[in-house]
Structures are given as structure tokens and as C-alpha cells.
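Have a look at data.cif below; it lists mmCIF, C-alpha atoms.
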data_input
loop_
_atom_site.label_atom_id
_atom_site.label_comp_id
_atom_site.auth_asym_id
_atom_site.auth_seq_id
_atom_site.Cartn_x
_atom_site.Cartn_y
_atom_site.Cartn_z
CA MET A 1 84.89 80.01 93.54
CA ASN A 2 85.55 76.56 92.24
CA VAL A 3 89.23 75.51 92.53
CA GLU A 4 89.02 74.10 89.00
CA LYS A 5 88.22 77.59 87.65
CA ILE A 6 91.40 78.91 89.26
CA ARG A 7 93.34 75.91 87.93
CA LYS A 8 92.06 76.64 84.38
CA HIS A 9 93.22 80.24 84.76
CA LEU A 10 96.74 79.01 85.60
CA SER A 11 96.97 76.73 82.57
CA GLY A 12 97.70 77.80 79.02
CA GLY A 13 100.16 80.60 79.69
CA PHE A 14 100.38 82.50 82.95
CA ARG A 15 99.25 86.10 83.41
CA PRO A 16 99.60 87.81 86.81
CA PHE A 17 96.31 88.22 88.66
CA VAL A 18 94.68 89.17 91.96
CA LEU A 19 92.32 86.98 93.95
CA ARG A 20 89.62 88.93 95.80
CA THR A 21 87.80 87.39 98.76
CA SER A 22 84.30 88.01 100.09
CA ASP A 23 85.65 90.26 102.87
CA GLY A 24 87.41 92.51 100.32
CA ARG A 25 90.97 91.31 100.83
CA GLU A 26 93.13 90.95 97.75
CA TYR A 27 95.98 88.50 97.15
CA GLN A 28 98.40 89.23 94.31
CA ILE A 29 99.67 86.28 92.30
CA PRO A 30 102.62 87.66 90.29
CA HIS A 31 103.98 84.21 89.37
CA PRO A 32 102.59 80.63 89.50
CA GLU A 33 104.96 79.82 92.37
CA PHE A 34 102.92 82.13 94.63
CA ILE A 35 99.83 79.89 94.64
CA LEU A 36 99.13 76.28 95.56
CA LEU A 37 95.82 74.64 94.75
CA GLY A 38 94.58 71.73 96.79
CA LYS A 39 91.31 69.88 96.46
CA TYR A 40 89.61 71.96 99.17
CA TYR A 41 91.88 74.97 99.70
CA VAL A 42 93.98 77.65 98.02
CA ALA A 43 97.30 78.66 99.58
CA VAL A 44 98.81 82.01 98.61
CA VAL A 45 102.36 83.10 99.46
CA ASP A 46 103.27 86.79 99.58
CA SER A 47 106.62 88.37 98.69
CA LYS A 48 107.78 88.03 102.34
CA GLY A 49 107.18 84.26 102.27
CA ASP A 50 104.11 84.38 104.52
CA MET A 51 101.31 81.99 103.55
CA ASP A 52 97.54 82.48 103.71
CA ILE A 53 95.25 79.49 103.29
CA LEU A 54 91.95 80.51 101.72
CA GLU A 55 88.61 78.76 101.57
CA PRO A 56 87.67 78.65 97.87
CA LEU A 57 84.04 79.51 98.66
CA HIS A 58 85.22 82.94 99.85
CA ILE A 59 87.16 83.73 96.67
CA VAL A 60 84.76 85.88 94.68
CA SER A 61 86.80 87.08 91.72
CA ILE A 62 89.97 86.89 89.69
CA LYS A 63 91.28 90.17 88.31
CA LEU A 64 94.03 90.13 85.70
CA ILE A 65 96.89 92.55 86.28
CA LYS A 66 97.70 94.62 83.22
CA PRO A 67 101.30 94.24 82.14
CA GLU A 68 103.39 97.33 82.68
CA SER A 69 103.85 99.10 79.40
CA LYS A 70 107.34 100.21 78.49
CA SER A 71 106.98 103.91 77.97
CA ALA A 72 109.28 105.80 75.69
CA SER A 73 112.38 107.01 77.43
CA LYS A 74 112.36 110.64 78.42
CA PRO A 75 114.92 112.93 76.78
#

Starting from the file, lay out its structure as C-alpha cells.
Amino acid sequence: MNVEKIRKHLSGGFRPFVLRTSDGREYQIPHPEFILLGKYYVAVVDSKGDMDILEPLHIVSIKLIKPESKSASKP
């Protein structure tokens, strides 16, 4: 995937998403601070603070995460 496509997705109001790679791994991006875009790489940080550096050519899709709906409180 082109880094500019990911950059466009981050602009104009953030919505949480998942990056999926060609080997089937998924990387959740719950907030813009969890991703860093370079010219030739994408770095993703998980909730533990561990970082994975991904080759953009192996990122095959972006999947938006549906916001959790606030269900009515149970009696």
C-alpha cells in the first residue's frame, strides 16, 4: 500500500482502524499516536509500547473499526 494512502486516511478526522499485512497479521491503530509514517516505512506501536516496523508494500488493507455503540442500560 502506498504510504500516502495511509496518510490520507489519518487526515480529516481520525477513526480507529486495523492495518492488515500480506501474511495475515493485523495491527490495531486506536489513536493516531500509535502509528508513524516515514517515506519508506510504517511504524506501529502496540498498547505495551512495542514497535513493529512494516514495509508498506506488505500492507494490503485498512479496515475501519466500528465505534462501540452505547447500549441502553439494563434494568

Problem set entry | Selection result of the PyMOL selection byres ((chain A and resi 26-30) around 12) on this file, as a PyMOL selection string | chain A and resi 6+9-10+14-25+31-36+42-47+50-54+58-67

Writing out the chosen residues with C-alpha atoms as an mmCIF file, keeping the file's coordinate frame:
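This went into part-v6.cif:
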data_model
loop_
_atom_site.group_PDB
_atom_site.id
_atom_site.type_symbol
_atom_site.label_atom_id
_atom_site.label_comp_id
_atom_site.auth_asym_id
_atom_site.auth_seq_id
_atom_site.Cartn_x
_atom_site.Cartn_y
_atom_site.Cartn_z
ATOM 1 C CA ILE A 6 91.400 78.910 89.260
ATOM 2 C CA HIS A 9 93.220 80.240 84.760
ATOM 3 C CA LEU A 10 96.740 79.010 85.600
ATOM 4 C CA PHE A 14 100.380 82.500 82.950
ATOM 5 C CA ARG A 15 99.250 86.100 83.410
ATOM 6 C CA PRO A 16 99.600 87.810 86.810
ATOM 7 C CA PHE A 17 96.310 88.220 88.660
ATOM 8 C CA VAL A 18 94.680 89.170 91.960
ATOM 9 C CA LEU A 19 92.320 86.980 93.950
ATOM 10 C CA ARG A 20 89.620 88.930 95.800
ATOM 11 C CA THR A 21 87.800 87.390 98.760
ATOM 12 C CA SER A 22 84.300 88.010 100.090
ATOM 13 C CA ASP A 23 85.650 90.260 102.870
ATOM 14 C CA GLY A 24 87.410 92.510 100.320
ATOM 15 C CA ARG A 25 90.970 91.310 100.830
ATOM 16 C CA HIS A 31 103.980 84.210 89.370
ATOM 17 C CA PRO A 32 102.590 80.630 89.500
ATOM 18 C CA GLU A 33 104.960 79.820 92.370
ATOM 19 C CA PHE A 34 102.920 82.130 94.630
ATOM 20 C CA ILE A 35 99.830 79.890 94.640
ATOM 21 C CA LEU A 36 99.130 76.280 95.560
ATOM 22 C CA VAL A 42 93.980 77.650 98.020
ATOM 23 C CA ALA A 43 97.300 78.660 99.580
ATOM 24 C CA VAL A 44 98.810 82.010 98.610
ATOM 25 C CA VAL A 45 102.360 83.100 99.460
ATOM 26 C CA ASP A 46 103.270 86.790 99.580
ATOM 27 C CA SER A 47 106.620 88.370 98.690
ATOM 28 C CA ASP A 50 104.110 84.380 104.520
ATOM 29 C CA MET A 51 101.310 81.990 103.550
ATOM 30 C CA ASP A 52 97.540 82.480 103.710
ATOM 31 C CA ILE A 53 95.250 79.490 103.290
ATOM 32 C CA LEU A 54 91.950 80.510 101.720
ATOM 33 C CA HIS A 58 85.220 82.940 99.850
ATOM 34 C CA ILE A 59 87.160 83.730 96.670
ATOM 35 C CA VAL A 60 84.760 85.880 94.680
ATOM 36 C CA SER A 61 86.800 87.080 91.720
ATOM 37 C CA ILE A 62 89.970 86.890 89.690
ATOM 38 C CA LYS A 63 91.280 90.170 88.310
ATOM 39 C CA LEU A 64 94.030 90.130 85.700
ATOM 40 C CA ILE A 65 96.890 92.550 86.280
ATOM 41 C CA LYS A 66 97.700 94.620 83.220
ATOM 42 C CA PRO A 67 101.300 94.240 82.140
#

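For the atom pair formed by CA of Ser11 (chain A) and CA of Tyr40 (chain A), the distance is 18.8 Å, given to one decimal.
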
Might I get the box with edges along x, y and z of the file that holds all atoms of region 22-40 of chain A listed there, padded by 6 Å on every side, given as centre and edge lengths in Å to one decimal, as AutoDock Vina command-line options?
--center_x 94.6 --center_y 81.2 --center_z 96.1 --size_x 32.7 --size_y 34.6 --size_z 25.5

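Minimum atom-to-atom distance to Pro56 (chain A), evaluated using only C-alpha atoms, belongs to A:Tyr41 out of A:Gly12, A:Glu68, A:Tyr41, A:Arg7.
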
Missing atoms of region 14-50 of chain A rebuilt to N, CA and C atoms, written as a short mmCIF file (atom, residue, chain, number, x, y, z; two decimals), in the coordinates of the input:
data_model
loop_
_atom_site.label_atom_id
_atom_site.label_comp_id
_atom_site.auth_asym_id
_atom_site.auth_seq_id
_atom_site.Cartn_x
_atom_site.Cartn_y
_atom_site.Cartn_z
N PHE A 14 100.69 81.76 81.73
CA PHE A 14 100.38 82.50 82.95
C PHE A 14 100.32 83.99 82.71
N ARG A 15 99.34 84.65 83.33
CA ARG A 15 99.25 86.10 83.41
C ARG A 15 99.02 86.45 84.86
N PRO A 16 99.78 87.42 85.41
CA PRO A 16 99.60 87.81 86.81
C PRO A 16 98.15 88.22 87.10
N PHE A 17 97.69 87.90 88.31
CA PHE A 17 96.31 88.22 88.66
C PHE A 17 96.19 88.46 90.17
N VAL A 18 95.02 88.91 90.56
CA VAL A 18 94.68 89.17 91.96
C VAL A 18 93.45 88.35 92.30
N LEU A 19 93.50 87.65 93.42
CA LEU A 19 92.32 86.98 93.95
C LEU A 19 91.66 87.91 94.95
N ARG A 20 90.36 88.10 94.84
CA ARG A 20 89.62 88.93 95.80
C ARG A 20 88.68 88.03 96.58
N THR A 21 88.65 88.21 97.91
CA THR A 21 87.80 87.39 98.76
C THR A 21 86.53 88.15 99.16
N SER A 22 85.59 87.43 99.74
CA SER A 22 84.30 88.01 100.09
C SER A 22 84.40 89.14 101.12
N ASP A 23 85.48 89.18 101.89
CA ASP A 23 85.65 90.26 102.87
C ASP A 23 86.45 91.44 102.29
N GLY A 24 86.75 91.40 100.98
CA GLY A 24 87.41 92.51 100.32
C GLY A 24 88.92 92.43 100.26
N ARG A 25 89.52 91.44 100.90
CA ARG A 25 90.97 91.31 100.83
C ARG A 25 91.40 90.87 99.44
N GLU A 26 92.59 91.30 99.06
CA GLU A 26 93.13 90.95 97.75
C GLU A 26 94.49 90.29 97.92
N TYR A 27 94.74 89.27 97.11
CA TYR A 27 95.98 88.50 97.15
C TYR A 27 96.58 88.50 95.75
N GLN A 28 97.74 89.16 95.62
CA GLN A 28 98.40 89.23 94.31
C GLN A 28 99.14 87.94 94.01
N ILE A 29 98.99 87.47 92.78
CA ILE A 29 99.67 86.28 92.30
C ILE A 29 100.53 86.71 91.11
N PRO A 30 101.78 87.17 91.37
CA PRO A 30 102.62 87.66 90.29
C PRO A 30 103.29 86.56 89.47
N HIS A 31 103.30 85.33 90.02
CA HIS A 31 103.98 84.21 89.37
C HIS A 31 103.31 82.93 89.87
N PRO A 32 103.26 81.87 89.06
CA PRO A 32 102.59 80.63 89.50
C PRO A 32 103.14 80.04 90.80
N GLU A 33 104.37 80.35 91.14
CA GLU A 33 104.96 79.82 92.37
C GLU A 33 104.37 80.45 93.63
N PHE A 34 103.52 81.45 93.49
CA PHE A 34 102.92 82.13 94.63
C PHE A 34 101.56 81.54 95.02
N ILE A 35 101.13 80.47 94.34
CA ILE A 35 99.83 79.89 94.64
C ILE A 35 99.93 78.36 94.60
N LEU A 36 99.20 77.73 95.50
CA LEU A 36 99.13 76.28 95.56
C LEU A 36 97.66 75.90 95.66
N LEU A 37 97.22 75.05 94.77
CA LEU A 37 95.82 74.64 94.75
C LEU A 37 95.69 73.21 95.25
N GLY A 38 94.92 73.05 96.29
CA GLY A 38 94.58 71.73 96.79
C GLY A 38 93.16 71.40 96.36
N LYS A 39 92.67 70.27 96.81
CA LYS A 39 91.31 69.88 96.46
C LYS A 39 90.28 70.78 97.15
N TYR A 40 90.58 71.18 98.39
CA TYR A 40 89.61 71.96 99.17
C TYR A 40 90.16 73.27 99.71
N TYR A 41 91.30 73.73 99.20
CA TYR A 41 91.88 74.97 99.70
C TYR A 41 92.74 75.62 98.63
N VAL A 42 93.06 76.89 98.87
CA VAL A 42 93.98 77.65 98.02
C VAL A 42 94.98 78.30 98.97
N ALA A 43 96.26 78.04 98.77
CA ALA A 43 97.30 78.66 99.58
C ALA A 43 98.01 79.70 98.74
N VAL A 44 98.17 80.89 99.31
CA VAL A 44 98.81 82.01 98.61
C VAL A 44 100.01 82.46 99.44
N VAL A 45 101.14 82.63 98.79
CA VAL A 45 102.36 83.10 99.46
C VAL A 45 102.63 84.53 99.00
N ASP A 46 102.94 85.41 99.96
CA ASP A 46 103.27 86.79 99.58
C ASP A 46 104.78 86.94 99.37
N SER A 47 105.21 88.12 99.01
CA SER A 47 106.62 88.37 98.69
C SER A 47 107.54 88.19 99.89
N LYS A 48 106.99 88.24 101.12
CA LYS A 48 107.78 88.03 102.34
C LYS A 48 107.92 86.54 102.67
N GLY A 49 107.15 85.69 102.00
CA GLY A 49 107.18 84.26 102.27
C GLY A 49 106.09 83.81 103.23
N ASP A 50 105.22 84.74 103.65
CA ASP A 50 104.11 84.38 104.52
C ASP A 50 103.00 83.72 103.69
#
